[in-house]
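Undergrad: File query.pdb follows (PDB, C-alpha atoms):
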ATOM      1  CA  MET A   1     -77.687  50.058 -67.904
ATOM      2  CA  GLY A   2     -77.913  53.398 -69.742
ATOM      3  CA  ASN A   3     -81.232  54.160 -68.014
ATOM      4  CA  LEU A   4     -79.647  53.537 -64.605
ATOM      5  CA  ARG A   5     -76.846  56.001 -65.393
ATOM      6  CA  ALA A   6     -79.303  58.641 -66.611
ATOM      7  CA  ILE A   7     -81.431  58.327 -63.475
ATOM      8  CA  GLY A   8     -78.306  58.349 -61.291
ATOM      9  CA  PHE A   9     -76.991  61.518 -62.937
ATOM     10  CA  SER A  10     -80.417  63.161 -62.611
ATOM     11  CA  ALA A  11     -80.559  62.322 -58.903
ATOM     12  CA  PHE A  12     -76.985  63.600 -58.441
ATOM     13  CA  PHE A  13     -77.784  66.942 -60.103
ATOM     14  CA  ALA A  14     -80.980  67.296 -58.058
ATOM     15  CA  ILE A  15     -78.902  66.887 -54.891
ATOM     16  CA  LEU A  16     -76.399  69.482 -56.131
ATOM     17  CA  LEU A  17     -79.235  71.945 -56.679
ATOM     18  CA  ALA A  18     -80.598  71.236 -53.216
ATOM     19  CA  SER A  19     -78.292  73.704 -51.487
ATOM     20  CA  SER A  20     -79.867  76.680 -53.279
ATOM     21  CA  ALA A  21     -83.402  75.316 -52.849
ATOM     22  CA  SER A  22     -82.887  74.603 -49.155
ATOM     23  CA  ALA A  23     -81.723  78.178 -48.637
ATOM     24  CA  GLN A  24     -85.111  79.339 -49.915
ATOM     25  CA  GLN A  25     -87.308  76.888 -47.981
ATOM     26  CA  ALA A  26     -86.770  75.887 -44.345
ATOM     27  CA  GLN A  27     -86.295  72.159 -43.676
ATOM     28  CA  THR A  28     -88.997  71.601 -41.067
ATOM     29  CA  ARG A  29     -90.559  68.238 -40.390
ATOM     30  CA  GLN A  30     -93.569  67.820 -38.122
ATOM     31  CA  GLY A  31     -96.683  65.694 -37.818
ATOM     32  CA  PHE A  32     -97.931  63.378 -40.564
ATOM     33  CA  TRP A  33     -95.936  62.906 -43.786
ATOM     34  CA  ILE A  34     -96.529  60.966 -47.003
ATOM     35  CA  GLY A  35     -94.546  60.365 -50.177
ATOM     36  CA  GLY A  36     -93.972  58.186 -53.179
ATOM     37  CA  GLY A  37     -91.922  57.916 -56.317
ATOM     38  CA  LEU A  38     -90.862  55.966 -59.371
ATOM     39  CA  GLY A  39     -87.535  54.940 -60.818
ATOM     40  CA  TYR A  40     -85.339  52.153 -62.057
ATOM     41  CA  GLY A  41     -84.507  48.997 -60.147
ATOM     42  CA  SER A  42     -82.027  46.186 -60.604
ATOM     43  CA  LEU A  43     -83.079  42.784 -59.202
ATOM     44  CA  GLY A  44     -80.540  40.128 -58.312
ATOM     45  CA  CYS A  45     -81.073  36.765 -56.679
ATOM     46  CA  ASP A  46     -79.236  33.594 -55.713
ATOM     47  CA  GLY A  47     -78.282  31.869 -58.948
ATOM     48  CA  CYS A  48     -79.533  34.530 -61.387
ATOM     49  CA  ASP A  49     -78.153  37.505 -63.295
ATOM     50  CA  ARG A  50     -79.228  41.032 -62.324
ATOM     51  CA  VAL A  51     -82.050  42.443 -64.455
ATOM     52  CA  GLY A  52     -83.381  45.989 -64.618
ATOM     53  CA  ALA A  53     -86.949  47.242 -64.819
ATOM     54  CA  PRO A  54     -89.307  49.908 -63.446
ATOM     55  CA  SER A  55     -89.709  50.228 -59.687
ATOM     56  CA  GLY A  56     -91.461  52.459 -57.191
ATOM     57  CA  TYR A  57     -92.096  53.203 -53.561
ATOM     58  CA  PHE A  58     -94.776  54.623 -51.275
ATOM     59  CA  LYS A  59     -94.254  55.785 -47.684
ATOM     60  CA  LEU A  60     -96.180  57.412 -44.857
ATOM     61  CA  GLY A  61     -95.796  57.997 -41.172
ATOM     62  CA  GLY A  62     -95.313  60.484 -38.381
ATOM     63  CA  THR A  63     -92.580  62.685 -36.990
ATOM     64  CA  LEU A  64     -91.063  61.547 -33.710
ATOM     65  CA  ARG A  65     -88.567  64.427 -33.514
ATOM     66  CA  GLN A  66     -87.399  67.067 -35.997
ATOM     67  CA  ASN A  67     -84.660  64.692 -37.224
ATOM     68  CA  ILE A  68     -86.346  61.286 -36.701
ATOM     69  CA  LEU A  69     -89.396  60.043 -38.596
ATOM     70  CA  LEU A  70     -91.167  56.698 -38.134
ATOM     71  CA  GLY A  71     -93.283  55.137 -40.822
ATOM     72  CA  VAL A  72     -94.173  52.337 -43.167
ATOM     73  CA  GLU A  73     -92.675  52.012 -46.629
ATOM     74  CA  THR A  74     -93.560  49.702 -49.469
ATOM     75  CA  ASN A  75     -91.201  49.132 -52.396
ATOM     76  CA  GLY A  76     -91.900  47.282 -55.604
ATOM     77  CA  TRP A  77     -90.153  46.097 -58.754
ATOM     78  CA  THR A  78     -91.685  44.382 -61.796
ATOM     79  CA  LYS A  79     -90.625  43.035 -65.182
ATOM     80  CA  SER A  80     -92.543  41.217 -67.904
ATOM     81  CA  GLU A  81     -90.498  38.691 -69.845
ATOM     82  CA  LEU A  82     -91.486  35.808 -72.137
ATOM     83  CA  GLY A  83     -95.145  36.113 -71.154
ATOM     84  CA  ASN A  84     -94.477  35.973 -67.409
ATOM     85  CA  ARG A  85     -94.348  38.847 -64.940
ATOM     86  CA  LEU A  86     -91.619  38.724 -62.298
ATOM     87  CA  THR A  87     -92.422  40.915 -59.286
ATOM     88  CA  MET A  88     -90.727  41.630 -55.992
ATOM     89  CA  GLY A  89     -92.301  43.670 -53.220
ATOM     90  CA  ASN A  90     -91.355  44.669 -49.701
ATOM     91  CA  VAL A  91     -93.329  46.260 -46.852
ATOM     92  CA  SER A  92     -91.273  47.521 -43.917
ATOM     93  CA  GLY A  93     -91.586  49.507 -40.755
ATOM     94  CA  ALA A  94     -88.902  52.164 -41.220
ATOM     95  CA  VAL A  95     -86.917  54.814 -39.359
ATOM     96  CA  TYR A  96     -85.762  57.929 -41.262
ATOM     97  CA  TRP A  97     -82.859  59.846 -39.710
ATOM     98  CA  TYR A  98     -81.862  63.360 -40.812
ATOM     99  CA  PRO A  99     -78.304  63.742 -39.408
ATOM    100  CA  MET A 100     -77.955  67.412 -40.438
ATOM    101  CA  THR A 101     -80.273  70.400 -40.650
ATOM    102  CA  ASN A 102     -80.566  70.083 -44.438
ATOM    103  CA  GLY A 103     -82.736  67.554 -46.261
ATOM    104  CA  MET A 104     -80.368  64.563 -46.383
ATOM    105  CA  PHE A 105     -81.662  61.392 -44.715
ATOM    106  CA  VAL A 106     -80.721  57.771 -44.113
ATOM    107  CA  LYS A 107     -83.351  55.081 -43.611
ATOM    108  CA  ALA A 108     -83.522  51.505 -42.382
ATOM    109  CA  GLY A 109     -86.351  49.076 -41.844
ATOM    110  CA  ALA A 110     -87.505  45.499 -41.553
ATOM    111  CA  GLY A 111     -90.681  43.718 -42.575
ATOM    112  CA  TYR A 112     -92.183  41.326 -45.097
ATOM    113  CA  SER A 113     -91.076  40.567 -48.653
ATOM    114  CA  VAL A 114     -92.714  38.707 -51.569
ATOM    115  CA  LEU A 115     -91.196  37.319 -54.773
ATOM    116  CA  ASP A 116     -93.626  36.239 -57.507
ATOM    117  CA  SER A 117     -92.387  34.624 -60.736
ATOM    118  CA  GLY A 118     -95.800  34.531 -62.387
ATOM    119  CA  ILE A 119     -95.748  30.757 -61.864
ATOM    120  CA  ALA A 120     -94.989  30.515 -58.154
ATOM    121  CA  SER A 121     -94.818  32.910 -55.239
ATOM    122  CA  THR A 122     -92.751  32.877 -52.052
ATOM    123  CA  SER A 123     -92.536  35.226 -49.098
ATOM    124  CA  GLY A 124     -90.266  35.858 -46.148
ATOM    125  CA  PHE A 125     -88.374  38.342 -44.007
ATOM    126  CA  GLY A 126     -87.577  41.671 -45.672
ATOM    127  CA  LEU A 127     -84.998  44.395 -45.096
ATOM    128  CA  LEU A 128     -84.864  47.996 -46.307
ATOM    129  CA  GLY A 129     -82.055  50.544 -46.438
ATOM    130  CA  GLY A 130     -81.549  53.785 -48.292
ATOM    131  CA  VAL A 131     -80.477  57.394 -48.588
ATOM    132  CA  GLY A 132     -82.199  60.427 -50.020
ATOM    133  CA  TYR A 133     -82.481  64.187 -50.015
ATOM    134  CA  ASP A 134     -85.621  66.291 -49.578
ATOM    135  CA  VAL A 135     -85.266  69.252 -51.951
ATOM    136  CA  ARG A 136     -87.844  71.763 -50.685
ATOM    137  CA  VAL A 137     -89.994  73.273 -53.401
ATOM    138  CA  GLY A 138     -92.702  74.570 -51.054
ATOM    139  CA  ARG A 139     -93.414  75.024 -47.372
ATOM    140  CA  ASN A 140     -94.461  71.377 -46.905
ATOM    141  CA  LEU A 141     -93.479  69.824 -50.243
ATOM    142  CA  SER A 142     -90.195  68.276 -51.387
ATOM    143  CA  ILE A 143     -88.832  66.619 -54.509
ATOM    144  CA  THR A 144     -86.932  63.608 -53.174
ATOM    145  CA  PRO A 145     -84.195  61.756 -55.087
ATOM    146  CA  VAL A 146     -83.569  58.387 -53.400
ATOM    147  CA  ALA A 147     -81.384  55.305 -53.577
ATOM    148  CA  ASN A 148     -83.056  52.328 -51.898
ATOM    149  CA  TRP A 149     -82.059  48.725 -51.360
ATOM    150  CA  PHE A 150     -84.548  46.075 -50.326
ATOM    151  CA  ARG A 151     -84.009  42.366 -49.768
ATOM    152  CA  GLY A 152     -86.130  39.320 -49.113
ATOM    153  CA  SER A 153     -85.062  36.028 -47.546
ATOM    154  CA  PHE A 154     -87.068  33.115 -48.885
ATOM    155  CA  ASP A 155     -87.049  29.333 -48.552
ATOM    156  CA  GLY A 156     -84.102  28.249 -50.649
ATOM    157  CA  GLY A 157     -82.608  31.673 -51.289
ATOM    158  CA  SER A 158     -82.880  35.431 -51.350
ATOM    159  CA  ALA A 159     -83.380  38.316 -53.761
ATOM    160  CA  ASN A 160     -82.639  42.032 -53.587
ATOM    161  CA  VAL A 161     -83.365  45.184 -55.547
ATOM    162  CA  LEU A 162     -81.215  48.284 -55.861
ATOM    163  CA  GLN A 163     -83.605  51.127 -56.681
ATOM    164  CA  ILE A 164     -82.802  54.660 -57.907
ATOM    165  CA  GLY A 165     -85.776  56.986 -58.082
ATOM    166  CA  LEU A 166     -87.324  60.395 -57.802
ATOM    167  CA  GLY A 167     -90.348  61.099 -55.652
ATOM    168  CA  VAL A 168     -92.500  63.719 -53.978
ATOM    169  CA  THR A 169     -92.812  64.042 -50.198
ATOM    170  CA  SER A 170     -95.334  66.110 -48.243
ATOM    171  CA  HIS A 171     -94.262  66.944 -44.658
TER     172      HIS A 171
END
What is this structure when it is put down as structure tokens?
TA:
Amino acid sequence: MGNLRAIGFSAFFAILLASSASAQQAQTRQGFWIGGGLGYGSLGCDGCDRVGAPSGYFKLGGTLRQNILLGVETNGWTKSELGNRLTMGNVSGAVYWYPMTNGMFVKAGAGYSVLDSGIASTSGFGLLGGVGYDVRVGRNLSITPVANWFRGSFDGGSANVLQIGLGVTSH
């Protein structure tokens, strides 16, 4: 849990610094964009305790309007324990909405999710939600702290991951 706090505090301070960075670089979004990042995730499922491990995401898409982006995002979480690797992944079509002129965004999506225990695998409907902030460090480049949540519904249950991470986005 200490790692989750450290990552959370780091993301919080990056957002606090965003106001000075955004004053230096204009928040423009146009055309193709791509991004990805790493962080910490906490997996919970029906009938199990939450466990933490490394996680990551990758996203790409196009700009519909200055404040609305459409794309595809994949999120993953993995942990090796007792010789088995537990993995959860999600691929979603996603909408990214920037409600203000700064870099803050909210995202939502739906798609396909997979849970693999190393012994058996199941798949089903997936959901994605999250918030983040593009901290401009260049004309088309941002450092992006994010908090994501992704969930999969499977035969006999569901699982979800709360993910805190830091990424890079090119607009």
Undergrad: Expanded to explicit residues, what is the PyMOL selection byres ((chain A and resi 28-34) around 7) for this file, as number ranges by chain?
TA: A: 26-27, 35, 59-63, 66, 169-171
Undergrad: How would the residues just picked look written out with C-alpha atoms as a tab-separated table (two decimals), in the coordinates of the input?
TA:
chain	number	residue	atom	x	y	z
A	26	ALA	CA	-86.77	75.89	-44.34
A	27	GLN	CA	-86.30	72.16	-43.68
A	35	GLY	CA	-94.55	60.36	-50.18
A	59	LYS	CA	-94.25	55.78	-47.68
A	60	LEU	CA	-96.18	57.41	-44.86
A	61	GLY	CA	-95.80	58.00	-41.17
A	62	GLY	CA	-95.31	60.48	-38.38
A	63	THR	CA	-92.58	62.68	-36.99
A	66	GLN	CA	-87.40	67.07	-36.00
A	169	THR	CA	-92.81	64.04	-50.20
A	170	SER	CA	-95.33	66.11	-48.24
A	171	HIS	CA	-94.26	66.94	-44.66
Undergrad: I'd like the neighbourhood of Gly130 in chain A as a count of residues only, where a residue qualifies if any of its atoms comes within 7 Å (using only C-alpha atoms), though same-chain residues fewer than 3 positions away should be ignored.
TA: 6
Undergrad: Got a sec: who's within 12 Å of Gly93 in chain A, counting all atoms listed in the file, leaving out chain neighbours fewer than 4 positions off, as an MDAnalysis selection string?
TA: chainID A and resid 59:62 69:75 107:113 126:129
Undergrad: Which residue out of A:Cys48, A:Ile119, A:Ala53, A:Leu38 has the minimum interatomic distance to Val168 in chain A when only C-alpha atoms are used?
TA: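 Using only C-alpha atoms, Val168 in chain A sits closest to A:Leu38.
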Undergrad: Assuming the chain letters and numbering stay as they are in my file, what does the PyMOL selection byres ((chain A and resi 143) around 8) actually select? List them as a ChimeraX atom specification.
TA: /A:134-137,141-142,144-145,166-169
Undergrad: Quick one, how far is CA of Ile164 in chain A from CA of Gly44 in chain A?
TA: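 About the pair CA of Ile164 in chain A and CA of Gly44 in chain A: they are 14.7 Å apart.
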Undergrad: Figure out the distance between CA of Ala94 in chain A and CA of Gly138 in chain A, please, to one decimal in Å.
TA: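 Interatomic distance here is 24.8 Å.
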